$ cat final_20.txt   # compact mmCIF, C-alpha atoms
# COMPACT_ATOMS: atom_id res chain seq x y z
CA MET A 1213 0.00 0.00 0.00
CA ASP A 1214 1.42 3.37 -0.97
CA HIS A 1215 1.23 5.62 2.05
CA GLN A 1216 2.85 8.63 0.41
CA PHE A 1217 0.58 11.61 0.56
CA ASP A 1218 0.67 14.99 -1.09
CA PHE A 1219 0.63 17.74 1.51
CA SER A 1220 0.49 20.55 -1.01
CA PRO A 1221 -1.39 23.46 0.47
CA VAL A 1222 -5.11 23.32 -0.15
CA SER A 1223 -6.86 26.59 -0.73
CA GLN A 1224 -8.20 27.42 2.71
CA PRO A 1225 -9.39 30.85 3.83
CA PRO A 1226 -7.46 32.38 6.72
CA LEU A 1227 -8.65 31.05 10.04
CA HIS A 1228 -8.90 33.54 12.89
CA SER A 1229 -9.38 32.74 16.55
CA GLU A 1230 -12.58 33.97 18.09
CA PHE A 1231 -10.34 35.29 20.90
CA GLU A 1232 -7.81 37.17 18.78
CA ARG A 1233 -9.10 40.56 19.92
CA ASP A 1234 -9.24 39.64 23.59
CA PRO A 1235 -6.20 41.34 25.18
CA ASP A 1236 -6.14 38.76 27.99
CA LEU A 1237 -5.96 35.81 25.57
CA ARG A 1238 -4.10 37.25 22.58
CA ASP A 1239 -0.66 36.10 23.79
CA LEU A 1240 -1.93 32.56 24.43
CA VAL A 1241 -3.57 32.42 21.01
CA THR A 1242 -0.33 33.61 19.44
CA LEU A 1243 1.61 30.90 21.26
CA PHE A 1244 -0.87 28.26 20.09
CA VAL A 1245 -0.55 29.39 16.45
CA ASP A 1246 3.24 29.51 16.71
CA GLU A 1247 3.30 25.90 17.92
CA LEU A 1248 1.10 24.64 15.07
CA ASP A 1249 4.02 24.32 12.63
CA ASP A 1250 5.69 21.79 14.92
CA ARG A 1251 2.41 19.95 15.41
CA VAL A 1252 1.87 19.80 11.65
CA GLU A 1253 5.35 18.32 11.19
CA SER A 1254 4.58 15.71 13.84
CA ILE A 1255 1.29 14.86 12.12
CA ARG A 1256 3.04 14.54 8.78
CA ALA A 1257 5.76 12.30 10.23
CA ALA A 1258 3.27 10.04 12.03
CA HIS A 1259 1.14 9.79 8.89
CA HIS A 1260 4.14 9.07 6.67
CA ASN A 1261 5.27 6.32 9.07
CA MET A 1262 1.71 5.01 9.38
CA ASP A 1263 2.08 5.43 13.14
CA PHE A 1264 -1.64 5.52 13.84
CA PRO A 1265 -1.38 5.51 17.66
CA THR A 1266 0.78 8.64 17.54
CA LEU A 1267 -1.43 10.21 14.90
CA ARG A 1268 -4.50 9.54 17.05
CA ARG A 1269 -2.78 11.01 20.12
CA LEU A 1270 -1.78 14.15 18.21
CA ALA A 1271 -5.30 14.55 16.84
CA HIS A 1272 -6.75 14.11 20.32
CA GLN A 1273 -4.42 16.75 21.78
CA ILE A 1274 -5.21 19.26 19.05
CA LYS A 1275 -8.93 18.56 19.33
CA GLY A 1276 -8.76 19.33 23.03
CA SER A 1277 -6.74 22.51 22.77
CA ALA A 1278 -7.91 24.16 19.53
CA GLY A 1279 -11.39 25.01 20.78
CA GLY A 1280 -9.98 26.51 23.95
CA TYR A 1281 -7.98 28.92 21.83
CA GLY A 1282 -10.92 29.82 19.63
CA PHE A 1283 -10.06 27.65 16.62
CA HIS A 1284 -13.10 25.38 16.48
CA PRO A 1285 -12.57 24.35 12.82
CA ILE A 1286 -9.14 22.96 13.77
CA GLY A 1287 -10.65 21.09 16.70
CA ASP A 1288 -13.41 19.72 14.50
CA ALA A 1289 -10.92 18.51 11.88
CA ALA A 1290 -8.78 16.90 14.58
CA GLY A 1291 -11.87 15.21 16.03
CA ARG A 1292 -12.80 13.74 12.66
CA LEU A 1293 -9.28 12.34 12.25
CA GLU A 1294 -9.29 10.94 15.77
CA TYR A 1295 -12.65 9.27 15.14
CA GLU A 1296 -11.36 7.60 11.96
CA LEU A 1297 -8.39 6.23 13.87
CA LEU A 1298 -10.44 4.72 16.71
CA GLY A 1299 -11.56 1.66 14.79
CA ASP A 1300 -9.53 -1.45 14.15
CA GLN A 1301 -9.94 -1.18 10.39
CA ALA A 1302 -8.78 2.30 9.46
CA ASP A 1303 -9.70 3.28 5.91
CA GLN A 1304 -6.48 4.69 4.41
CA PRO A 1305 -8.08 7.02 1.83
CA THR A 1306 -10.34 8.49 4.51
CA ILE A 1307 -7.43 8.91 6.91
CA ASN A 1308 -5.43 10.60 4.15
CA GLN A 1309 -8.28 13.06 3.60
CA ARG A 1310 -8.73 13.71 7.33
CA VAL A 1311 -4.99 14.36 7.72
CA GLN A 1312 -5.09 16.76 4.77
CA ASP A 1313 -8.10 18.55 6.26
CA LEU A 1314 -6.40 18.94 9.63
CA VAL A 1315 -3.10 20.09 8.14
CA SER A 1316 -4.90 22.62 5.93
CA CYS A 1317 -6.81 24.02 8.89
CA CYS A 1318 -3.66 24.28 10.98
CA LEU A 1319 -1.78 26.04 8.20
CA ALA A 1320 -4.64 28.50 7.76
CA ALA A 1321 -4.52 29.67 11.38
CA VAL A 1322 -3.63 33.35 11.64
CA ARG A 1323 -1.58 34.93 14.40
CA PRO A 1324 -3.45 37.74 16.14
CA GLU A 1325 -2.31 41.22 15.18
CA ILE A 1326 -0.66 43.18 17.94
CA ASN A 1327 -2.22 46.62 18.18
$ encode --input "final_20.txt" --output "structure tokens"
Amino acid sequence: MDHQFDFSPVSQPPLHSEFERDPDLRDLVTLFVDELDDRVESIRAAHHNMDFPTLRRLAHQIKGSAGGYGFHPIGDAAGRLEYELLGDQADQPTINQRVQDLVSCCLAAVRPEIN
């Protein structure tokens, strides 16, 4: 089975946190966005290596944190990937699509502007 996957950027509109204008949360949202590049690389590596337990753990972590930082679409995409990975018979094309969806959402996240 060929597990290579094209992670070319998919056209995704910029994704803003619902908390980006909250002065008390802006720094935390910025930190979350700044850490997404590393998380995306971890997702890509786990997917490439077909390391589904790690991929599921990463999806679960992102699902749990993204909503708390106002990025519900990222959390939703992570939840869909986690759900696909819960069963014993993971469908590779569906997992590929869920990984692409999550990566695209993560890459679309926008750092809050500092005013």
$ closest_residue --input "final_20.txt" --among "A:Glu1325, A:Glu1294, A:Asp1300, A:Asp1313" --to "Asp1239 (chain A)" --atoms "all atoms listed in the file"
A:Glu1325
$ residues_around --input "final_20.txt" --residues "His1284 (chain A)" --least-positions-apart "5" --cutoff "9 Å" --atoms "only C-alpha atoms" --output "list in words"
Ser1229, Glu1230, Lys1275, Ala1278, Gly1279 and Ala1289 of chain A
$ closest_residue --input "final_20.txt" --among "A:Ser1277, A:Asp1249, A:Ala1271, A:Phe1244" --to "Ile1307 (chain A)" --atoms "all atoms listed in the file"
A:Ala1271
$ atom_distance --input "final_20.txt" --atom1 "CA of Leu1314 (chain A)" --atom2 "CA of Asp1236 (chain A)"
27.0 Å
$ residues_around --input "final_20.txt" --residues "Arg1268 (chain A)" --least-positions-apart "4" --cutoff "12 Å" --atoms "only C-alpha atoms" --output "compact mmCIF listing (two decimals) with C-alpha atoms, in the frame of the given file"
# COMPACT_ATOMS: atom_id res chain seq x y z
CA SER A 1254 4.58 15.71 13.84
CA ILE A 1255 1.29 14.86 12.12
CA ALA A 1258 3.27 10.04 12.03
CA HIS A 1259 1.14 9.79 8.89
CA MET A 1262 1.71 5.01 9.38
CA ASP A 1263 2.08 5.43 13.14
CA PHE A 1264 -1.64 5.52 13.84
CA HIS A 1272 -6.75 14.11 20.32
CA GLN A 1273 -4.42 16.75 21.78
CA ILE A 1274 -5.21 19.26 19.05
CA LYS A 1275 -8.93 18.56 19.33
CA ALA A 1290 -8.78 16.90 14.58
CA GLY A 1291 -11.87 15.21 16.03
CA ARG A 1292 -12.80 13.74 12.66
CA LEU A 1293 -9.28 12.34 12.25
CA GLU A 1294 -9.29 10.94 15.77
CA TYR A 1295 -12.65 9.27 15.14
CA GLU A 1296 -11.36 7.60 11.96
CA LEU A 1297 -8.39 6.23 13.87
CA LEU A 1298 -10.44 4.72 16.71
CA GLY A 1299 -11.56 1.66 14.79
CA ALA A 1302 -8.78 2.30 9.46
CA ILE A 1307 -7.43 8.91 6.91
CA ARG A 1310 -8.73 13.71 7.33
CA VAL A 1311 -4.99 14.36 7.72
$ residues_around --input "final_20.txt" --residues "Asp1234 (chain A)" --least-positions-apart "6" --cutoff "12 Å" --atoms "only C-alpha atoms" --output "list in words"
Leu1240, Val1241, Thr1242, Tyr1281, Gly1282, Pro1324, Glu1325, Ile1326 and Asn1327 of chain A
$ atom_distance --input "final_20.txt" --atom1 "CA of Thr1306 (chain A)" --atom2 "CA of Pro1226 (chain A)"
24.2 Å
$ atom_distance --input "final_20.txt" --atom1 "CA of Phe1283 (chain A)" --atom2 "CA of Glu1253 (chain A)"
18.8 Å
